[in-house]
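Below is the file my_file05.cif, which contains mmCIF, C-alpha atoms.
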```
data_input
loop_
_atom_site.label_atom_id
_atom_site.label_comp_id
_atom_site.auth_asym_id
_atom_site.auth_seq_id
_atom_site.Cartn_x
_atom_site.Cartn_y
_atom_site.Cartn_z
CA MET A 1 152.98 -23.92 78.34
CA LEU A 2 155.89 -24.85 80.61
CA CYS A 3 159.26 -26.49 80.10
CA MET A 4 162.70 -27.13 81.46
CA PHE A 5 165.32 -25.55 79.22
CA THR A 6 168.94 -24.58 78.93
CA PRO A 7 170.58 -21.94 76.74
CA ARG A 8 172.46 -23.75 73.99
CA GLU A 9 175.79 -22.19 74.99
CA THR A 10 175.61 -23.54 78.56
CA ALA A 11 173.98 -26.95 77.86
CA LEU A 12 172.94 -27.53 81.48
CA GLU A 13 171.91 -31.13 82.15
CA ARG A 14 168.81 -30.30 84.22
CA GLY A 15 168.16 -26.81 82.94
CA TRP A 16 165.86 -24.11 84.28
CA PRO A 17 162.07 -23.92 84.42
CA GLY A 18 160.49 -21.67 81.87
CA ARG A 19 157.25 -20.54 80.29
CA ILE A 20 156.97 -20.70 76.51
CA ASP A 21 155.26 -17.69 74.96
CA GLY A 22 155.25 -17.86 71.17
CA ASP A 23 158.87 -17.85 70.03
CA ARG A 24 160.22 -16.89 73.47
CA VAL A 25 161.09 -18.81 76.64
CA ILE A 26 160.80 -16.84 79.87
CA GLN A 27 162.85 -18.15 82.79
CA LEU A 28 160.89 -18.73 86.01
CA ALA A 29 162.33 -18.07 89.47
CA ALA A 30 162.38 -21.67 90.69
CA GLN A 31 165.06 -24.35 90.68
CA THR A 32 162.91 -26.94 88.88
CA LEU A 33 159.35 -27.45 87.70
CA GLN A 34 158.90 -29.62 90.78
CA ALA A 35 159.74 -26.61 92.94
CA PHE A 36 157.50 -24.44 90.77
CA PHE A 37 154.57 -26.82 91.31
CA THR A 38 155.34 -27.10 95.04
CA GLY A 39 154.97 -23.34 95.28
CA GLY A 40 151.52 -23.51 93.74
CA GLY A 41 152.55 -22.69 90.19
CA GLY A 42 153.60 -19.12 90.81
CA ALA A 43 157.07 -17.61 90.39
CA ARG A 44 158.71 -14.37 89.32
CA GLU A 45 159.88 -14.15 85.74
CA HIS A 46 163.52 -13.56 84.84
CA ALA A 47 165.41 -13.46 81.58
CA GLU A 48 163.90 -14.10 78.17
CA TYR A 49 165.45 -16.28 75.48
CA ALA A 50 164.57 -16.92 71.87
CA LEU A 51 163.09 -20.40 71.53
CA GLY A 52 165.61 -21.20 68.80
CA ASP A 53 168.49 -20.41 71.21
CA VAL A 54 167.55 -22.99 73.86
CA LEU A 55 167.46 -26.76 74.28
CA LEU A 56 164.44 -28.31 75.97
CA ARG A 57 165.10 -30.82 78.75
CA ALA A 58 163.03 -33.46 80.54
CA PRO A 59 160.31 -31.63 82.49
CA VAL A 60 161.12 -33.79 85.52
CA LEU A 61 164.60 -35.32 85.48
CA HIS A 62 164.45 -37.02 88.89
CA PRO A 63 160.78 -37.75 89.71
CA PRO A 64 160.06 -39.27 93.13
CA SER A 65 158.21 -42.07 91.31
CA VAL A 66 156.81 -43.00 87.91
CA ARG A 67 153.55 -44.97 87.79
CA ILE A 68 152.28 -46.44 84.53
CA PHE A 69 148.67 -47.58 84.52
CA ALA A 70 147.28 -50.62 82.74
CA PRO A 71 143.76 -51.01 81.31
CA SER A 72 142.93 -53.09 84.40
CA GLY A 73 143.09 -49.90 86.49
CA ASP A 74 146.23 -50.90 88.39
CA PHE A 75 149.76 -49.66 87.79
CA VAL A 76 153.40 -50.67 87.72
CA PHE A 77 156.38 -48.57 88.77
CA ALA A 78 158.86 -47.51 86.11
CA ASN A 79 162.46 -46.58 86.83
CA PRO A 80 162.79 -42.92 87.98
CA ALA A 81 166.58 -43.17 87.47
CA ALA A 82 166.14 -43.82 83.73
CA ILE A 83 164.46 -40.56 82.64
CA HIS A 84 165.45 -39.12 79.26
CA GLY A 85 164.53 -35.74 77.85
CA PRO A 86 164.01 -34.60 74.25
CA GLY A 87 167.10 -35.21 72.16
CA ASP A 88 168.77 -37.43 74.76
CA VAL A 89 170.35 -40.62 73.41
CA VAL A 90 168.50 -43.79 74.40
CA HIS A 91 170.86 -46.76 74.48
CA MET A 92 169.76 -50.19 73.35
CA PRO A 93 169.57 -52.39 76.46
CA GLU A 94 171.78 -55.47 76.59
CA GLY A 95 170.04 -58.43 74.99
CA ALA A 96 167.78 -56.36 72.72
CA THR A 97 168.12 -55.84 68.98
CA GLY A 98 165.25 -53.35 68.79
CA ILE A 99 163.08 -51.29 71.14
CA VAL A 100 159.46 -50.20 70.77
CA PRO A 101 158.34 -46.59 71.33
CA VAL A 102 155.00 -46.28 73.15
CA ALA A 103 153.39 -42.82 73.30
CA ARG A 104 151.40 -42.11 76.47
CA LEU A 105 149.79 -39.11 78.12
CA ALA A 106 151.22 -38.47 81.57
CA ALA A 107 150.32 -36.16 84.44
CA ILE A 108 152.88 -34.50 86.70
CA ILE A 109 151.78 -34.10 90.30
CA GLY A 110 151.82 -30.58 91.71
CA ALA A 111 151.10 -29.14 95.15
CA GLY A 112 148.69 -30.99 97.44
CA GLY A 113 148.44 -34.03 95.17
CA ALA A 114 146.74 -32.05 92.41
CA ILE A 115 147.81 -32.16 88.78
CA GLY A 116 150.49 -29.58 88.00
CA GLY A 117 150.53 -30.31 84.28
CA TYR A 118 150.50 -32.87 81.52
CA THR A 119 153.31 -34.06 79.29
CA LEU A 120 154.12 -36.62 76.63
CA MET A 121 155.79 -39.88 77.65
CA ASN A 122 157.63 -42.43 75.55
CA ASP A 123 157.26 -45.63 77.56
CA TRP A 124 160.05 -47.59 75.90
CA HIS A 125 159.68 -51.38 75.67
CA ALA A 126 162.24 -54.06 74.82
CA PRO A 127 160.02 -57.08 74.06
CA GLU A 128 163.00 -59.45 73.73
CA LEU A 129 163.78 -59.04 77.43
CA ALA A 130 162.00 -60.68 80.34
CA GLY A 131 160.05 -59.39 83.34
CA VAL A 132 160.31 -55.77 84.40
CA LYS A 133 163.50 -55.41 82.35
CA VAL A 134 161.16 -55.04 79.37
CA PHE A 135 160.54 -51.42 80.34
CA ASP A 136 162.86 -50.23 83.11
CA PHE A 137 165.82 -49.21 80.92
CA ALA A 138 164.42 -45.88 79.69
CA THR A 139 161.46 -43.51 79.87
CA SER A 140 161.39 -40.30 77.85
CA LEU A 141 159.41 -37.20 78.90
CA GLY A 142 158.74 -33.84 77.27
CA PRO A 143 159.36 -31.60 75.56
CA ILE A 144 156.60 -29.37 76.98
CA VAL A 145 154.15 -29.35 79.88
CA LEU A 146 150.60 -28.12 79.42
CA THR A 147 148.82 -26.83 82.52
CA PRO A 148 145.32 -28.06 83.47
CA ASP A 149 143.99 -24.80 82.04
CA GLU A 150 145.58 -25.61 78.68
CA CYS A 151 144.86 -29.33 78.45
CA HIS A 152 141.62 -31.21 79.18
CA PRO A 153 142.13 -34.93 78.55
CA ASP A 154 138.49 -35.96 78.40
CA ASP A 155 139.30 -39.55 77.42
CA VAL A 156 141.32 -40.24 80.60
CA ASP A 157 139.95 -40.06 84.15
CA PHE A 158 143.13 -38.82 85.78
CA ALA A 159 141.24 -38.03 88.98
CA ALA A 160 140.54 -41.75 89.40
CA LEU A 161 144.13 -42.69 88.57
CA ILE A 162 145.49 -40.20 91.09
CA ALA A 163 143.02 -41.33 93.75
CA HIS A 164 144.18 -44.93 93.30
CA ALA A 165 147.86 -43.97 93.22
CA GLY A 166 147.51 -41.90 96.39
CA ARG A 167 145.51 -44.42 98.42
CA ASN A 168 147.29 -45.19 101.72
CA THR A 169 150.25 -43.03 100.75
CA ARG A 170 150.97 -39.47 99.66
CA LEU A 171 151.92 -38.09 96.29
CA LEU A 172 154.80 -35.65 96.02
CA PRO A 173 155.29 -32.84 93.51
CA GLY A 174 157.07 -34.15 90.45
CA GLU A 175 155.64 -37.66 90.56
CA VAL A 176 154.61 -38.91 87.12
CA ILE A 177 151.40 -40.82 86.44
CA ALA A 178 150.92 -42.22 82.94
CA ALA A 179 147.56 -43.22 81.52
CA ALA A 180 146.78 -46.71 80.28
CA GLY A 181 146.77 -47.63 76.63
CA GLY A 182 149.25 -45.74 74.55
CA THR A 183 150.20 -45.89 70.90
CA ARG A 184 152.80 -48.53 70.04
CA LEU A 185 155.02 -47.77 67.08
CA ASP A 186 157.30 -49.95 64.99
CA PRO A 187 160.57 -51.07 66.61
CA VAL A 188 163.59 -48.83 66.24
CA HIS A 189 167.26 -49.77 66.19
CA ALA A 190 170.69 -48.28 66.79
CA GLY A 191 171.22 -45.37 64.42
CA ASP A 192 167.52 -44.47 64.20
CA VAL A 193 165.82 -41.38 65.58
CA ALA A 194 162.51 -42.27 67.26
CA GLU A 195 159.64 -39.82 67.36
CA VAL A 196 156.37 -40.06 69.27
CA SER A 197 153.60 -37.51 69.09
CA LEU A 198 150.28 -36.89 70.75
CA PRO A 199 148.59 -33.61 69.80
CA PRO A 200 148.54 -30.95 71.16
CA PHE A 201 151.98 -31.80 72.55
CA TRP A 202 155.12 -31.18 70.56
CA PRO A 203 156.85 -34.28 69.15
CA LEU A 204 159.30 -36.07 71.42
CA ARG A 205 162.42 -37.31 69.61
CA ASN A 206 165.33 -39.44 70.79
CA PRO A 207 168.30 -40.83 68.85
CA ILE A 208 169.01 -44.52 69.45
CA ALA A 209 172.49 -45.92 70.08
#
```
Translate this structure into structure tokens?
Amino acid sequence: MLCMFTPRETALERGWPGRIDGDRVIQLAAQTLQAFFTGGGGAREHAEYALGDVLLRAPVLHPPSVRIFAPSGDFVFANPAAIHGPGDVVHMPEGATGIVPVARLAAIIGAGGAIGGYTLMNDWHAPELAGVKVFDFATSLGPIVLTPDECHPDDVDFAALIAHAGRNTRLLPGEVIAAAGGTRLDPVHAGDVAEVSLPPFWPLRNPIA
């Protein structure tokens, strides 16, 4: 189980990559999970922290791209500049009175176009807006990443999604590919705290402002 984290006393925006082992987080010798995946998923281990003494961050804060698949088998691009991590405030977009949380399973690309891990995505929607502005204001990721050895999503053919996404181009470590479908929840409003969950992942919560 992997994550990006920061000790509470330092509150780093991006954080450090780590491996969660029970009630401990072990810092990995890489700048980001993207770098960790680029290196083939191997890195020296550094300091240990109690899980209760850290804050978990978005597993990929600046992905090269974010693709969200539809049931048709094709995808749209989400906004890689609008990534939020667990606990980050999601602001109501202009023109919206409520936003809809949508829980999705997402894969993070590792070295050589293979899957580095899986994480939970909240694919926010603002149905009162028009066009791509319905979904490009925010995407939440986290709080943990499960490796392919830890997670086997039998109901999603990620190999086919990745093959389609990578056709006539190349996929870079850190790219995010979200499966079709998803679980839509009731709209939330300013002052609420939204939570999406998809076992075995930990819940992903964001306050709304």
Which residues fall under the PyMOL selection byres ((chain A and resi 188) around 6) in this file, as a list in words?
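With the PyMOL selection byres ((chain A and resi 188) around 6) on this model, the match is Gly98, Ile99, Pro187 and His189 of chain A.
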Export C-alpha atoms of the chosen residues as an mmCIF file, in the coordinates of the input?
```cif
data_model
loop_
_atom_site.group_PDB
_atom_site.id
_atom_site.type_symbol
_atom_site.label_atom_id
_atom_site.label_comp_id
_atom_site.auth_asym_id
_atom_site.auth_seq_id
_atom_site.Cartn_x
_atom_site.Cartn_y
_atom_site.Cartn_z
ATOM 1 C CA GLY A 98 165.250 -53.350 68.790
ATOM 2 C CA ILE A 99 163.080 -51.290 71.140
ATOM 3 C CA PRO A 187 160.570 -51.070 66.610
ATOM 4 C CA HIS A 189 167.260 -49.770 66.190
#
```
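The protein and nucleic acid residues lying at most 8 Å from segment 151-160 of chain A are Ala107, Tyr118, Leu146 and Ala179 of chain A, with only C-alpha atoms considered and sequence neighbours fewer than 5 positions away removed.
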Write to file, as a PDB file, in the coordinates of the input, the residues of the selection just made, with C-alpha atoms.
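The new file again.pdb reads:
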```pdb
ATOM      1  CA  ALA A 107     150.320 -36.160  84.440  1.00  0.00           C
ATOM      2  CA  TYR A 118     150.500 -32.870  81.520  1.00  0.00           C
ATOM      3  CA  LEU A 146     150.600 -28.120  79.420  1.00  0.00           C
ATOM      4  CA  ALA A 179     147.560 -43.220  81.520  1.00  0.00           C
TER       5      ALA A 179
END
```
Surrounding residues of segment 71-87 of chain A excluding itself and chain neighbours under 4 positions, 9 Å, only C-alpha atoms, as a PyMOL selection string:
chain A and resi 55-67+123+132+135-143+161+164-165+178-181+203-207
With the file shown as input, list the residues that the PyMOL selection byres ((chain A and resi 24) around 9) selects, as a count of residues only.
12
From A:Gly191, A:Pro200, A:Pro148, A:Pro127, residue lying nearest Val102 of chain A [all atoms listed in the file]
A:Pro127
Could you work out how far atom CA of Pro93 of chain A lies from atom CA of Cys3 of chain A, giving the answer in Å with one decimal?
28.1 Å
Please provide the set of residues having any atom within 6 Å of Arg8 of chain A, restricted to all atoms listed in the file, with same-chain residues fewer than 3 positions apart removed, written as a list in words.
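Within the cut-off, the hits are Ala11, Asp53, Val54 and Leu55 of chain A.
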By how many Å are atom CA of Asp192 of chain A and atom CA of Val100 of chain A apart?
11.9 Å
Taking all listed atoms of segment 173-184 of chain A, build the axis-aligned box, pad each of the six sides by 6 Å, then write its centre and edge lengths in Å to one decimal as lines of an AutoDock Vina configuration file.
```
center_x = 151.9
center_y = -40.7
center_z = 81.8
size_x = 22.3
size_y = 27.7
size_z = 35.5
```
